[in-house]
>>> print(open('run.cif').read())   # mmCIF, C-alpha atoms
data_data
loop_
_atom_site.label_atom_id
_atom_site.label_comp_id
_atom_site.auth_asym_id
_atom_site.auth_seq_id
_atom_site.Cartn_x
_atom_site.Cartn_y
_atom_site.Cartn_z
CA MET A 1 -26.02 2.51 38.37
CA SER A 2 -25.16 -0.21 40.86
CA SER A 3 -28.39 -0.02 42.82
CA THR A 4 -30.68 -3.02 42.84
CA ARG A 5 -32.65 -3.49 39.68
CA PRO A 6 -34.97 -6.26 38.68
CA LEU A 7 -33.26 -8.75 36.45
CA SER A 8 -36.07 -8.99 33.98
CA GLU A 9 -36.72 -6.25 31.52
CA THR A 10 -39.83 -4.20 31.97
CA PRO A 11 -42.63 -5.87 30.08
CA SER A 12 -44.27 -3.79 27.42
CA PRO A 13 -45.97 -1.42 27.55
CA GLU A 14 -43.47 0.49 29.51
CA LYS A 15 -44.65 3.64 31.17
CA THR A 16 -42.53 6.67 30.70
CA GLU A 17 -42.57 9.59 33.05
CA LEU A 18 -41.32 12.85 31.73
CA PRO A 19 -38.90 14.34 34.24
CA MET A 20 -40.90 17.53 34.43
CA SER A 21 -39.54 18.98 37.62
CA SER A 22 -35.98 17.77 37.41
CA ALA A 23 -35.24 19.06 33.94
CA GLN A 24 -33.79 22.47 34.69
CA PRO A 25 -31.06 23.45 32.32
CA SER A 26 -28.38 25.64 33.78
CA PRO A 27 -27.98 29.06 32.17
CA ALA A 28 -24.85 27.85 30.41
CA GLU A 29 -26.84 25.19 28.57
CA GLN A 30 -29.31 27.60 27.12
CA PRO A 31 -29.05 28.30 23.42
CA ALA A 32 -27.37 31.52 22.50
CA SER A 33 -30.13 32.68 20.18
CA GLY A 34 -32.22 35.28 21.91
CA ALA A 35 -35.62 33.97 20.85
CA ALA A 36 -35.23 30.48 22.29
CA GLU A 37 -36.29 30.27 25.89
CA SER A 38 -35.46 27.41 28.17
CA ASN A 39 -38.18 24.84 27.80
CA PRO A 40 -37.69 21.81 30.04
CA ILE A 41 -40.95 20.13 29.05
CA ARG A 42 -40.19 20.37 25.36
CA ASP A 43 -36.68 19.08 25.99
CA ALA A 44 -37.99 16.16 28.02
CA ILE A 45 -40.45 15.24 25.28
CA GLY A 46 -37.73 15.45 22.66
CA GLU A 47 -35.49 13.22 24.73
CA ALA A 48 -38.24 10.68 25.30
CA ILE A 49 -38.86 10.52 21.54
CA GLU A 50 -35.16 10.01 20.89
CA GLN A 51 -34.65 7.44 23.60
CA HIS A 52 -37.52 5.11 22.79
CA LYS A 53 -37.68 3.24 19.53
CA VAL A 54 -41.47 3.25 19.65
CA ILE A 55 -43.27 5.73 21.86
CA LEU A 56 -46.94 6.60 22.06
CA PHE A 57 -48.26 9.86 23.49
CA MET A 58 -51.79 9.13 24.53
CA LYS A 59 -54.68 10.06 26.79
CA GLY A 60 -54.60 7.74 29.76
CA THR A 61 -52.45 4.64 29.98
CA PRO A 62 -52.29 1.49 27.85
CA GLU A 63 -54.09 -0.32 30.69
CA ALA A 64 -56.70 2.42 31.04
CA PRO A 65 -56.95 4.56 27.91
CA ALA A 66 -59.01 7.70 28.43
CA CYS A 67 -60.05 8.16 24.81
CA GLY A 68 -61.26 5.83 22.08
CA PHE A 69 -58.57 6.93 19.64
CA SER A 70 -55.82 6.25 22.13
CA ALA A 71 -57.41 2.90 22.96
CA ARG A 72 -57.53 1.89 19.31
CA THR A 73 -53.91 2.84 18.74
CA VAL A 74 -52.79 0.85 21.80
CA ALA A 75 -54.83 -2.10 20.53
CA VAL A 76 -53.01 -1.99 17.19
CA LEU A 77 -49.60 -1.93 18.85
CA GLN A 78 -50.58 -4.75 21.16
CA ALA A 79 -51.92 -6.78 18.25
CA MET A 80 -48.54 -6.35 16.57
CA GLU A 81 -46.76 -7.32 19.78
CA VAL A 82 -44.51 -4.32 19.45
CA PRO A 83 -42.90 -3.12 22.68
CA PHE A 84 -43.60 0.55 23.17
CA ALA A 85 -43.24 3.30 25.71
CA ALA A 86 -46.34 5.30 26.58
CA VAL A 87 -46.70 8.81 27.92
CA ASP A 88 -50.00 10.04 29.32
CA VAL A 89 -50.52 13.64 28.21
CA LEU A 90 -53.44 14.29 30.52
CA PRO A 91 -51.70 15.06 33.84
CA ASP A 92 -50.27 18.34 32.53
CA PRO A 93 -51.79 20.26 29.60
CA ARG A 94 -48.35 21.67 28.77
CA ILE A 95 -47.24 18.21 27.59
CA ARG A 96 -49.82 18.23 24.84
CA GLY A 97 -49.02 21.81 23.87
CA GLU A 98 -45.31 21.23 23.63
CA LEU A 99 -45.73 17.88 21.89
CA SER A 100 -47.90 19.44 19.20
CA ALA A 101 -45.40 22.26 18.79
CA ILE A 102 -42.64 19.71 18.20
CA SER A 103 -44.62 17.46 15.89
CA SER A 104 -46.86 19.96 14.07
CA TRP A 105 -49.66 17.55 14.79
CA PRO A 106 -52.72 18.81 16.62
CA THR A 107 -54.32 15.67 17.99
CA ILE A 108 -53.61 12.88 20.46
CA PRO A 109 -52.57 10.06 20.22
CA GLN A 110 -49.25 10.49 18.41
CA LEU A 111 -47.07 7.53 17.62
CA PHE A 112 -43.35 7.98 17.04
CA ALA A 113 -40.89 5.38 15.82
CA ASN A 114 -37.16 5.88 15.43
CA GLY A 115 -37.59 9.55 16.32
CA GLU A 116 -40.17 10.22 13.59
CA LEU A 117 -43.87 10.91 13.83
CA ILE A 118 -45.74 7.99 12.28
CA GLY A 119 -49.17 9.50 12.82
CA GLY A 120 -52.30 9.50 14.90
CA CYS A 121 -55.00 6.89 15.20
CA ASP A 122 -56.22 7.18 11.58
CA ILE A 123 -52.82 6.79 9.99
CA VAL A 124 -51.70 4.07 12.37
CA THR A 125 -54.89 2.11 11.68
CA GLU A 126 -54.59 2.62 7.93
CA MET A 127 -50.94 1.53 7.94
CA TYR A 128 -51.77 -1.47 10.09
CA GLU A 129 -54.46 -2.58 7.67
CA SER A 130 -52.20 -2.10 4.64
CA GLY A 131 -49.30 -3.86 6.31
CA GLU A 132 -47.04 -0.79 6.20
CA LEU A 133 -46.95 -0.31 9.93
CA ALA A 134 -44.71 -3.28 10.66
CA GLU A 135 -42.08 -1.81 8.38
CA ALA A 136 -42.39 1.66 9.88
CA LEU A 137 -41.86 0.26 13.36
CA GLN A 138 -38.76 -1.72 12.40
CA MET B 1 -70.88 24.37 17.19
CA PRO B 2 -69.52 23.35 13.76
CA ARG B 3 -71.68 21.36 11.39
CA PRO B 4 -70.50 18.73 8.92
CA ASP B 5 -71.41 20.85 5.88
CA GLU B 6 -69.51 23.78 7.35
CA ILE B 7 -66.45 21.60 7.86
CA LYS B 8 -66.80 20.32 4.31
CA GLN B 9 -67.07 23.81 2.85
CA ARG B 10 -64.08 25.08 4.76
CA ILE B 11 -61.89 22.19 3.62
CA GLU B 12 -63.00 22.60 0.01
CA ALA B 13 -62.49 26.38 0.16
CA SER B 14 -59.01 26.15 1.66
CA ILE B 15 -57.48 23.29 -0.31
CA PRO B 16 -57.67 23.96 -4.04
CA GLY B 17 -59.61 21.29 -5.91
CA ALA B 18 -60.43 19.35 -2.76
CA ARG B 19 -63.55 17.29 -2.38
CA ALA B 20 -64.60 16.43 1.13
CA ASP B 21 -67.19 14.12 2.59
CA VAL B 22 -67.81 14.87 6.22
CA GLU B 23 -69.97 13.16 8.78
CA ASP B 24 -70.65 13.87 12.40
CA TYR B 25 -70.26 10.37 13.73
CA SER B 26 -71.06 11.09 17.34
CA GLY B 27 -74.08 13.23 16.54
CA GLY B 28 -72.84 15.70 19.12
CA GLY B 29 -71.30 18.24 16.77
CA ASP B 30 -67.72 17.75 17.85
CA HIS B 31 -66.53 14.40 16.46
CA PHE B 32 -66.20 14.39 12.70
CA ARG B 33 -64.96 11.99 10.11
CA ALA B 34 -63.79 13.35 6.77
CA THR B 35 -62.65 11.76 3.56
CA VAL B 36 -60.78 14.32 1.51
CA THR B 37 -59.71 13.88 -2.08
CA ALA B 38 -57.38 16.48 -3.54
CA ALA B 39 -54.79 16.74 -6.28
CA ALA B 40 -52.86 18.95 -3.86
CA PHE B 41 -52.02 15.79 -1.90
CA GLN B 42 -49.98 14.40 -4.77
CA GLY B 43 -46.44 13.66 -3.73
CA LEU B 44 -47.10 14.32 -0.04
CA SER B 45 -46.81 11.77 2.71
CA ARG B 46 -49.94 10.83 4.65
CA ILE B 47 -48.70 12.93 7.54
CA GLU B 48 -48.31 15.97 5.30
CA GLN B 49 -51.72 15.42 3.74
CA HIS B 50 -53.40 15.27 7.12
CA ARG B 51 -51.48 18.35 8.27
CA LEU B 52 -52.87 20.28 5.29
CA VAL B 53 -56.39 19.45 6.37
CA TYR B 54 -55.77 20.10 10.05
CA ALA B 55 -54.25 23.45 9.14
CA VAL B 56 -57.64 24.58 7.82
CA PHE B 57 -58.94 24.54 11.38
CA GLY B 58 -55.93 25.58 13.44
CA ASP B 59 -56.67 25.73 17.15
CA GLU B 60 -60.24 24.57 16.66
CA ILE B 61 -58.89 21.02 16.50
CA GLY B 62 -58.91 19.82 20.07
CA GLY B 63 -61.20 22.72 20.92
CA PRO B 64 -64.69 23.02 19.42
CA ILE B 65 -63.75 20.24 16.99
CA HIS B 66 -62.81 17.58 19.48
CA ALA B 67 -61.86 15.06 16.85
CA LEU B 68 -61.49 15.12 13.10
CA SER B 69 -60.81 11.66 11.83
CA LEU B 70 -59.25 11.79 8.37
CA LYS B 71 -58.82 9.74 5.29
CA THR B 72 -56.96 11.45 2.47
CA LYS B 73 -56.70 10.45 -1.18
CA THR B 74 -55.43 11.79 -4.45
CA PRO B 75 -57.99 11.88 -7.28
CA GLU B 76 -57.08 8.85 -9.39
CA LYS B 77 -54.95 6.51 -7.35
CA THR B 78 -56.17 5.50 -3.97
CA PRO B 79 -53.12 4.07 -2.24
CA ILE B 80 -50.88 6.76 -0.88
CA THR B 81 -47.52 6.26 0.65
#
>>> encode(input="run.cif", output="structure tokens")
Amino acid sequence: MSSTRPLSETPSPEKTELPMSSAQPSPAEQPASGAAESNPIRDAIGEAIEQHKVILFMKGTPEAPACGFSARTVAVLQAMEVPFAAVDVLPDPRIRGELSAISSWPTIPQLFANGELIGGCDIVTEMYESGELAEALQ
Amino acid sequence: MPRPDEIKQRIEASIPGARADVEDYSGGGDHFRATVTAAAFQGLSRIEQHRLVYAVFGDEIGGPIHALSLKTKTPEKTPIT
């Protein structure tokens, strides 16, 4: 942890890379239950959701959204000046599959705050317009 | 390729007492917008309400139905928490 780091904090939006290749649980870490298989991508997604207060899974990046729904959701967060982490689901289709398995939510984008799914573009927009979103992102 | 009236019928058939208004807002047969009113939504969070509607279509969401934009309501009161 002593290596050189910039003094300033990363400005939002912060880009989060899932450690896809490095996450390899040792056999000892695997759950005892027979049905559960080791799933590094799912684990990495779960960790990212836990570690970031506000995290958006989207198509593309906040700077270059690849879908109108993702773009609108980013615009809402930026309008609220809420710092958020963003994960692009497009580079690997498994990210989207595992994310939807975790969240029981079929579409992208998906916004999480404090470890909970807030919703996709429709819900985020509706909550923004009603004023509920600010509270949910506290 | 699904049509708006097909989407509407499937929602209304799967969620008891639901009323759905569906439009194809891209005109391309894969981007739909639905407003669904159902007593079954009572007491559910928005997330749970939307999940009920998405569940009607399963894997078709993200497949043949590229996008299904939703607004859910309960019959009498509009605001839902």
>>> atom_distance(input="run.cif", atom1="atom CA of Arg10 of chain B", atom2="atom CA of Ser70 of chain A")
26.9 Å
>>> resolve_selection(input="run.cif", expression="the PyMOL selection byres ((chain A and resi 69) around 8)", output="list in words")
Cys67, Gly68, Ser70, Ala71, Arg72, Thr73, Ile108, Pro109 and Cys121 of chain A
>>> resolve_selection(input="run.cif", expression="the PyMOL selection byres ((chain B) within 7 of (chain A))", output="number ranges by chain")
B: 47, 51, 61-62, 69-70
>>> resolve_selection(input="run.cif", expression="the PyMOL selection byres ((chain A and resi 96) around 12)", output="PyMOL selection string")
(chain A and resi 41-42+45+57-59+87-95+97-110) or (chain B and resi 62)
>>> write_last_selection(input="run.cif", atoms="C-alpha atoms", output="mmCIF file, in the frame of the given file")
data_model
loop_
_atom_site.group_PDB
_atom_site.id
_atom_site.type_symbol
_atom_site.label_atom_id
_atom_site.label_comp_id
_atom_site.auth_asym_id
_atom_site.auth_seq_id
_atom_site.Cartn_x
_atom_site.Cartn_y
_atom_site.Cartn_z
ATOM 1 C CA ILE A 41 -40.950 20.130 29.050
ATOM 2 C CA ARG A 42 -40.190 20.370 25.360
ATOM 3 C CA ILE A 45 -40.450 15.240 25.280
ATOM 4 C CA PHE A 57 -48.260 9.860 23.490
ATOM 5 C CA MET A 58 -51.790 9.130 24.530
ATOM 6 C CA LYS A 59 -54.680 10.060 26.790
ATOM 7 C CA VAL A 87 -46.700 8.810 27.920
ATOM 8 C CA ASP A 88 -50.000 10.040 29.320
ATOM 9 C CA VAL A 89 -50.520 13.640 28.210
ATOM 10 C CA LEU A 90 -53.440 14.290 30.520
ATOM 11 C CA PRO A 91 -51.700 15.060 33.840
ATOM 12 C CA ASP A 92 -50.270 18.340 32.530
ATOM 13 C CA PRO A 93 -51.790 20.260 29.600
ATOM 14 C CA ARG A 94 -48.350 21.670 28.770
ATOM 15 C CA ILE A 95 -47.240 18.210 27.590
ATOM 16 C CA GLY A 97 -49.020 21.810 23.870
ATOM 17 C CA GLU A 98 -45.310 21.230 23.630
ATOM 18 C CA LEU A 99 -45.730 17.880 21.890
ATOM 19 C CA SER A 100 -47.900 19.440 19.200
ATOM 20 C CA ALA A 101 -45.400 22.260 18.790
ATOM 21 C CA ILE A 102 -42.640 19.710 18.200
ATOM 22 C CA SER A 103 -44.620 17.460 15.890
ATOM 23 C CA SER A 104 -46.860 19.960 14.070
ATOM 24 C CA TRP A 105 -49.660 17.550 14.790
ATOM 25 C CA PRO A 106 -52.720 18.810 16.620
ATOM 26 C CA THR A 107 -54.320 15.670 17.990
ATOM 27 C CA ILE A 108 -53.610 12.880 20.460
ATOM 28 C CA PRO A 109 -52.570 10.060 20.220
ATOM 29 C CA GLN A 110 -49.250 10.490 18.410
ATOM 30 C CA GLY B 62 -58.910 19.820 20.070
#
>>> axis_aligned_box(input="run.cif", around="segment 63-71 of chain B", padding_each_side="4 Å", output="lines of an AutoDock Vina configuration file")
center_x = -61.8
center_y = 16.4
center_z = 13.1
size_x = 13.9
size_y = 21.3
size_z = 23.6
>>> residues_around(input="run.cif", residues="Phe84 of chain A", least_positions_apart="2", cutoff="12 Å", atoms="only C-alpha atoms", output="PyMOL selection string")
chain A and resi 10-16+48-49+51-58+61-62+73-78+80-82+86-87+111-114+137
>>> residues_near_point(input="run.cif", point="(-61.2, 22.6, 5.1)", cutoff="12 Å", atoms="all atoms listed in the file", output="number ranges by chain")
B: 4-22, 34-38, 49-58, 60-61, 68, 70
>>> closest_residue(input="run.cif", among="B:Phe41, B:Ser26, B:Phe32, B:Glu48", to="Thr74 of chain B", atoms="only C-alpha atoms")
B:Phe41
>>> closest_residue(input="run.cif", among="B:Ile65, B:Pro75, B:Arg46, B:Met1", to="Arg33 of chain B", atoms="all atoms listed in the file")
B:Ile65
>>> atom_distance(input="run.cif", atom1="atom CA of Tyr25 of chain B", atom2="atom CA of Glu129 of chain A")
21.3 Å
>>> atom_distance(input="run.cif", atom1="atom CA of Ser45 of chain B", atom2="atom CA of Gly29 of chain B")
29.0 Å
>>> decode(input="run.cif", residues="segment 49-81 of chain B", atoms="N, CA and C atoms", output="PDB file, in the first residue's frame")
ATOM      1  N   GLN B  49     -42.763  -4.863  -8.226  1.00  0.00           N
ATOM      2  CA  GLN B  49     -43.804  -4.711  -9.241  1.00  0.00           C
ATOM      3  C   GLN B  49     -43.231  -4.918 -10.641  1.00  0.00           C
ATOM      4  N   HIS B  50     -42.082  -4.296 -10.877  1.00  0.00           N
ATOM      5  CA  HIS B  50     -41.479  -4.445 -12.201  1.00  0.00           C
ATOM      6  C   HIS B  50     -41.038  -5.889 -12.437  1.00  0.00           C
ATOM      7  N   ARG B  51     -40.538  -6.529 -11.374  1.00  0.00           N
ATOM      8  CA  ARG B  51     -40.117  -7.928 -11.516  1.00  0.00           C
ATOM      9  C   ARG B  51     -41.288  -8.815 -11.932  1.00  0.00           C
ATOM     10  N   LEU B  52     -42.478  -8.532 -11.360  1.00  0.00           N
ATOM     11  CA  LEU B  52     -43.667  -9.310 -11.725  1.00  0.00           C
ATOM     12  C   LEU B  52     -43.936  -9.216 -13.224  1.00  0.00           C
ATOM     13  N   VAL B  53     -43.789  -8.009 -13.746  1.00  0.00           N
ATOM     14  CA  VAL B  53     -44.069  -7.823 -15.174  1.00  0.00           C
ATOM     15  C   VAL B  53     -42.960  -8.457 -16.019  1.00  0.00           C
ATOM     16  N   TYR B  54     -41.718  -8.238 -15.620  1.00  0.00           N
ATOM     17  CA  TYR B  54     -40.619  -8.845 -16.376  1.00  0.00           C
ATOM     18  C   TYR B  54     -40.740 -10.366 -16.393  1.00  0.00           C
ATOM     19  N   ALA B  55     -41.236 -10.921 -15.276  1.00  0.00           N
ATOM     20  CA  ALA B  55     -41.313 -12.379 -15.161  1.00  0.00           C
ATOM     21  C   ALA B  55     -42.252 -12.983 -16.204  1.00  0.00           C
ATOM     22  N   VAL B  56     -43.184 -12.170 -16.709  1.00  0.00           N
ATOM     23  CA  VAL B  56     -44.098 -12.662 -17.741  1.00  0.00           C
ATOM     24  C   VAL B  56     -43.313 -13.071 -18.985  1.00  0.00           C
ATOM     25  N   PHE B  57     -42.199 -12.400 -19.207  1.00  0.00           N
ATOM     26  CA  PHE B  57     -41.473 -12.600 -20.466  1.00  0.00           C
ATOM     27  C   PHE B  57     -40.162 -13.370 -20.336  1.00  0.00           C
ATOM     28  N   GLY B  58     -39.720 -13.580 -19.120  1.00  0.00           N
ATOM     29  CA  GLY B  58     -38.515 -14.388 -18.904  1.00  0.00           C
ATOM     30  C   GLY B  58     -37.343 -13.947 -19.760  1.00  0.00           C
ATOM     31  N   ASP B  59     -36.754 -14.894 -20.444  1.00  0.00           N
ATOM     32  CA  ASP B  59     -35.547 -14.641 -21.236  1.00  0.00           C
ATOM     33  C   ASP B  59     -35.793 -13.785 -22.474  1.00  0.00           C
ATOM     34  N   GLU B  60     -37.064 -13.553 -22.796  1.00  0.00           N
ATOM     35  CA  GLU B  60     -37.321 -12.719 -23.973  1.00  0.00           C
ATOM     36  C   GLU B  60     -36.876 -11.278 -23.747  1.00  0.00           C
ATOM     37  N   ILE B  61     -36.838 -10.871 -22.459  1.00  0.00           N
ATOM     38  CA  ILE B  61     -36.330  -9.527 -22.144  1.00  0.00           C
ATOM     39  C   ILE B  61     -34.829  -9.539 -22.384  1.00  0.00           C
ATOM     40  N   GLY B  62     -34.382  -8.618 -23.193  1.00  0.00           N
ATOM     41  CA  GLY B  62     -32.969  -8.610 -23.559  1.00  0.00           C
ATOM     42  C   GLY B  62     -32.719  -9.434 -24.808  1.00  0.00           C
ATOM     43  N   GLY B  63     -33.715 -10.246 -25.169  1.00  0.00           N
ATOM     44  CA  GLY B  63     -33.635 -11.002 -26.424  1.00  0.00           C
ATOM     45  C   GLY B  63     -34.523 -10.340 -27.457  1.00  0.00           C
ATOM     46  N   PRO B  64     -35.606 -11.045 -27.880  1.00  0.00           N
ATOM     47  CA  PRO B  64     -36.500 -10.445 -28.878  1.00  0.00           C
ATOM     48  C   PRO B  64     -37.128  -9.132 -28.390  1.00  0.00           C
ATOM     49  N   ILE B  65     -37.360  -9.045 -27.086  1.00  0.00           N
ATOM     50  CA  ILE B  65     -37.835  -7.774 -26.520  1.00  0.00           C
ATOM     51  C   ILE B  65     -36.599  -7.061 -25.989  1.00  0.00           C
ATOM     52  N   HIS B  66     -36.056  -6.195 -26.790  1.00  0.00           N
ATOM     53  CA  HIS B  66     -34.795  -5.555 -26.377  1.00  0.00           C
ATOM     54  C   HIS B  66     -35.004  -4.699 -25.136  1.00  0.00           C
ATOM     55  N   ALA B  67     -36.105  -3.983 -25.113  1.00  0.00           N
ATOM     56  CA  ALA B  67     -36.354  -3.117 -23.962  1.00  0.00           C
ATOM     57  C   ALA B  67     -37.837  -3.056 -23.675  1.00  0.00           C
ATOM     58  N   LEU B  68     -38.169  -3.155 -22.415  1.00  0.00           N
ATOM     59  CA  LEU B  68     -39.552  -2.995 -21.975  1.00  0.00           C
ATOM     60  C   LEU B  68     -39.527  -1.980 -20.841  1.00  0.00           C
ATOM     61  N   SER B  69     -39.852  -0.757 -21.215  1.00  0.00           N
ATOM     62  CA  SER B  69     -39.853   0.322 -20.248  1.00  0.00           C
ATOM     63  C   SER B  69     -41.173   0.257 -19.485  1.00  0.00           C
ATOM     64  N   LEU B  70     -41.106   0.356 -18.150  1.00  0.00           N
ATOM     65  CA  LEU B  70     -42.301   0.105 -17.349  1.00  0.00           C
ATOM     66  C   LEU B  70     -42.684   1.265 -16.456  1.00  0.00           C
ATOM     67  N   LYS B  71     -43.979   1.388 -16.312  1.00  0.00           N
ATOM     68  CA  LYS B  71     -44.540   2.231 -15.272  1.00  0.00           C
ATOM     69  C   LYS B  71     -45.627   1.385 -14.618  1.00  0.00           C
ATOM     70  N   THR B  72     -45.553   1.210 -13.311  1.00  0.00           N
ATOM     71  CA  THR B  72     -46.543   0.358 -12.650  1.00  0.00           C
ATOM     72  C   THR B  72     -47.351   1.179 -11.659  1.00  0.00           C
ATOM     73  N   LYS B  73     -48.613   0.812 -11.536  1.00  0.00           N
ATOM     74  CA  LYS B  73     -49.528   1.532 -10.634  1.00  0.00           C
ATOM     75  C   LYS B  73     -50.481   0.549  -9.984  1.00  0.00           C
ATOM     76  N   THR B  74     -50.989   0.937  -8.844  1.00  0.00           N
ATOM     77  CA  THR B  74     -52.115   0.190  -8.274  1.00  0.00           C
ATOM     78  C   THR B  74     -53.382   0.938  -8.665  1.00  0.00           C
ATOM     79  N   PRO B  75     -54.521   0.258  -8.692  1.00  0.00           N
ATOM     80  CA  PRO B  75     -55.737   0.842  -9.275  1.00  0.00           C
ATOM     81  C   PRO B  75     -56.136   2.225  -8.768  1.00  0.00           C
ATOM     82  N   GLU B  76     -56.224   2.451  -7.466  1.00  0.00           N
ATOM     83  CA  GLU B  76     -56.764   3.744  -7.053  1.00  0.00           C
ATOM     84  C   GLU B  76     -55.694   4.801  -6.815  1.00  0.00           C
ATOM     85  N   LYS B  77     -54.703   4.438  -6.037  1.00  0.00           N
ATOM     86  CA  LYS B  77     -53.680   5.428  -5.706  1.00  0.00           C
ATOM     87  C   LYS B  77     -52.535   5.331  -6.703  1.00  0.00           C
ATOM     88  N   THR B  78     -52.102   6.458  -7.169  1.00  0.00           N
ATOM     89  CA  THR B  78     -51.019   6.443  -8.129  1.00  0.00           C
ATOM     90  C   THR B  78     -49.638   6.328  -7.500  1.00  0.00           C
ATOM     91  N   PRO B  79     -49.345   7.133  -6.476  1.00  0.00           N
ATOM     92  CA  PRO B  79     -47.966   7.065  -5.986  1.00  0.00           C
ATOM     93  C   PRO B  79     -47.677   5.747  -5.279  1.00  0.00           C
ATOM     94  N   ILE B  80     -46.600   5.152  -5.609  1.00  0.00           N
ATOM     95  CA  ILE B  80     -46.220   3.868  -5.048  1.00  0.00           C
ATOM     96  C   ILE B  80     -44.818   3.983  -4.472  1.00  0.00           C
ATOM     97  N   THR B  81     -44.697   3.467  -3.276  1.00  0.00           N
ATOM     98  CA  THR B  81     -43.355   3.540  -2.696  1.00  0.00           C
ATOM     99  C   THR B  81     -42.686   2.196  -2.737  1.00  0.00           C
TER     100      THR B  81
END
